[in-house]
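A.B. asks: Okay, here's the structure, questions in a sec.
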Amino acid sequence: MTALPPALIHVRRGMVTLFARRFLDHRLAVASAVVLALLALLAVAAPVAEWALGVDANAVSLAARFLPPSATHPLGTDELGRDLLARLLYGGRVSLIVGLAAALASAVIGTVIGLAAGYYGGKLDIVLMRLTDGVIALPLLPLLIVLAAVDLTKIGLPEALARDADVSLYRMVAIIALVSWTTVARLVRGATLSVREREFVLAATACGAGPLRIMTVHILPNVVSPIIVATTLSVGNVILLESVLSFLGLGIQPPIASWGNMLTGAQELIWSAPELVFWPGALIFLTVIAFNFLGDGLQDALDPRAIAR
Amino acid sequence: MTRYIIQRLGESAVVIALMSFLIYALIGLMPGDPIDLMISSDPRLTPADAARLRAVYGLDRPLLERYLSWAVAALGGDFGNSRLHVRPVLDVMPTFLLNTVKLMGLSFVISVTVAIPAGVYAAARQNSRFDHIVNLLCFAGISVPVFWLALMLIIVFSVMIPILPASGVGSIGGGGVWDAVRHLVLPVTTLTIFSIGSYTRFVRAAMIEVLRQDYIRTALAKGAGRARVIWVHALRNAMIPVVTVVALSFGTLLSGALITETMFAYPGMGKLIYDSIMGNDYNMALVTLLFATAVTLAANLLADIAYAWLDPRISYGGSEGVRP
C-alpha cells in the first residue's frame, strides 16, 4: 500500500477512533465480544481440557452413566457415561465453526449476487431480485429439514463418504449458506445502487476500469459495513438453525458432539437428569445472544448517520 | 392496483409451480422409497418382485415424467393418500390445520398486544431504563433456541412443579374446554416468547424513525399533547412498516411453530410436515410443504398490498411496481 499523505492518515485514524469509541459505548457489545473470545478460547482448548481431566469426550462407559459432578467430571457424565464438560467444549467448536463458516459463505454468495444485481441493473437485477424474494418467501425450516434429510448416495456420493460424520459438518454449512444469503444480497444491492452513481465511480470508468475492477476496488469497500453487520447478526441465526437440525438428528452426526445433538435424547432425560438438558441449550443461548449484541454494537458504531457524537 | 395484484398472483403461481418440482425432486432423494418400505414390511418379496412393483407404480420412469403425472393429478384435486394416516392427504390436513391456527393465532395476538405498547413506550423513552430492559428481553427472545426453551418450560412446569401438561391437545377421554386450554399454555408461551422479541423491535425501530420526522415536531409545536402525538400521530404512521415486516416474518413464525409443535407433541401442521418428512410419507410431505409455501407467499403478498393500502403515497400503478 502506498503511503497516504499526512492529512489522510489523520482522517483514517479519526475514523478508527470514532468507531472504537462508539463501539466501546455499547457496553453489551463489548461484554459480548469478551464472552465470545472466551468461548472461542475454550473451544480451541478442548483437547487440552480433555487431557488435563484425563477423559475422552467420545468414550462411552455404561458403568459411568449419570455421574454427579466430581474432580474428574466437573459437570458429571451424560446418559452414555461421557464427560459432559469435554463434550460441551467440543460442541462449542462445532457450533462456532459451522456458525462462522456458513455465515461467511452466505456473505460471499450474497455479496456477489447483490453487487451484480446493483451494478448491472436491468434484466439481471430483476431476475436476481426475484430469486432473492422467492428464497425469502420460502418456509426455511421445513425446507432445511428436507435438504438435511436428502440421502447423499442418491446424488452419486460414495456410501462411505455419505455416512461420514465429518461430511455432516460440511453439509450443514452448505445447506444453511444456501438459504441465508438473502439479507446480505439485498443490503449490498441497495448500497451498490447508490454508490454506483457517485463521481469516483464515474472517474474510474473514465480511466478505463472494467466492471470487475469497479465492483471490487471501488464499490465493495464502500458497502463493507452493512455486510459486516449483517454477517455478524447471521452467525447467531446460523447457530440456531444448526442446533435445531442437529437436535432433530438431521445435522451434525454423532460421535461428533454438537450442542444441538447433545440434546437429541433430552426428552427422555427431563425426568431423570434435567441438568443434562440445561447446559448445551444455555451455551447456545449465550453464544447466539452474544453474536446478536455484537452485531447491534457494530451497527451503531458503523452507522454513517451517527457521525457527530 | 388490481393489475399489480394480478401480476403478483401470477408470480406467486410460478414460484409455487417451481417449488412443487423442487420439493418433488428433493423428496425423491430422501432415504428409502415406497418399494423399499413394502419390502421391509413383507420379507417374501424378491428383487424381481420389487422391480415389477417399481414398474407398476411408475417409479422407474424419469423424474420429469413422474412429476408431470403427479402435477396433472394434483391439478385435478387428487393429492394421493397419506402413508402414515392411510387416508387421502386432503382429509387428514383440516384437523391439523385448525390446531395450528389456534396455536399461531393465540400466540400472535398475545405477542402483538404486548409488543405494541412495549415498543412504543421504549421508543418514546429511548435510552431510559425501561428501554434497556425491553431491549435486553427482546434480544433474549430472539436468541433463545426454541426447542431448548420448550424443554426448560416442560422441566419447570411439568416436572419440577407439575401444574401443566407437557404434551398433546387434551387428556385421554377428553376433559372439556379447561383441559384443552391447559394443554395450550406451554406451546403458546413458547411460540410467544419466540416471536415477541422481534415484533417489539420492529415497533420500537419504526417508532424511533417516525418520532424523528418533522410532522411530529410540528404536532408538538402546535400544542398537541405528548401522549396524543405518540399514540395517535406517530403510532399510526409507524404501523405501516410494522405491518409489512410482521407479515414478512410469517415464514419464521411457521418455523417456530414447527419446532414448538414437535416438542409438545401438538398435532398441528408443523408436526405434520416434520413427521411426514421423517416417516417417508411422500404425498403428505409434498402437499404440506407446498401448502406452507403458498401460505407464506400469500402473507408476503398481503404485506405488500397492506403497505400500499395503508400508505397513500405508494401506488403500484406503473408497469414496474415499486418494491417497498
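Residue names in the C-alpha cells use chain letters A, B, ... in the order shown, residue numbers from 1 in each chain, and ligand numbers from 1 in the order shown.
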Could you produce a table of the residues of segment 119-184 of chain B lying within 8 Å of segment 268-276 of chain A, with the nearest pair of atoms per residue and their separation in Å rounded to one decimal, using only C-alpha atoms, ordered by chain and increasing residue number, as a tab-separated table?

C.D. replies:
residue	atom	partner	partner_atom	distance
B:Leu151	CA	A:Ile270	CA	7.5
B:Ile154	CA	A:Ile270	CA	7.9
B:Ile155	CA	A:Ile270	CA	6.0
B:Val159	CA	A:Trp271	CA	6.6

A.B. asks: Counting only C-alpha atoms, which residues of chain A come no farther than 9 Å from chain B, as a count of residues only?

C.D. replies: 46

A.B. asks: In Å to one decimal, how far is atom CA of Thr182 of chain A from atom CA of Gly92 of chain A?

C.D. replies: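 Straight-line distance from atom CA of Gly92 of chain A to atom CA of Thr182 of chain A works out to 26.3 Å.
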
A.B. asks: Write out as a ChimeraX atom specification the set of residues from segment 45-203 of chain A that DSSP, computed on the backbone, places in alpha helix (DSSP H).

C.D. replies: /A:46-53,84-120,122-136,140-149,159-162,165-179,182-196,199-203

A.B. asks: Counting only C-alpha atoms, which residue out of B:Val188, B:Val177, B:Ala224, B:Met284 sits closest to Val101 of chain B?

C.D. replies: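 Between B:Val188, B:Val177, B:Ala224, B:Met284, the residue approaching Val101 of chain B most closely is B:Val188.
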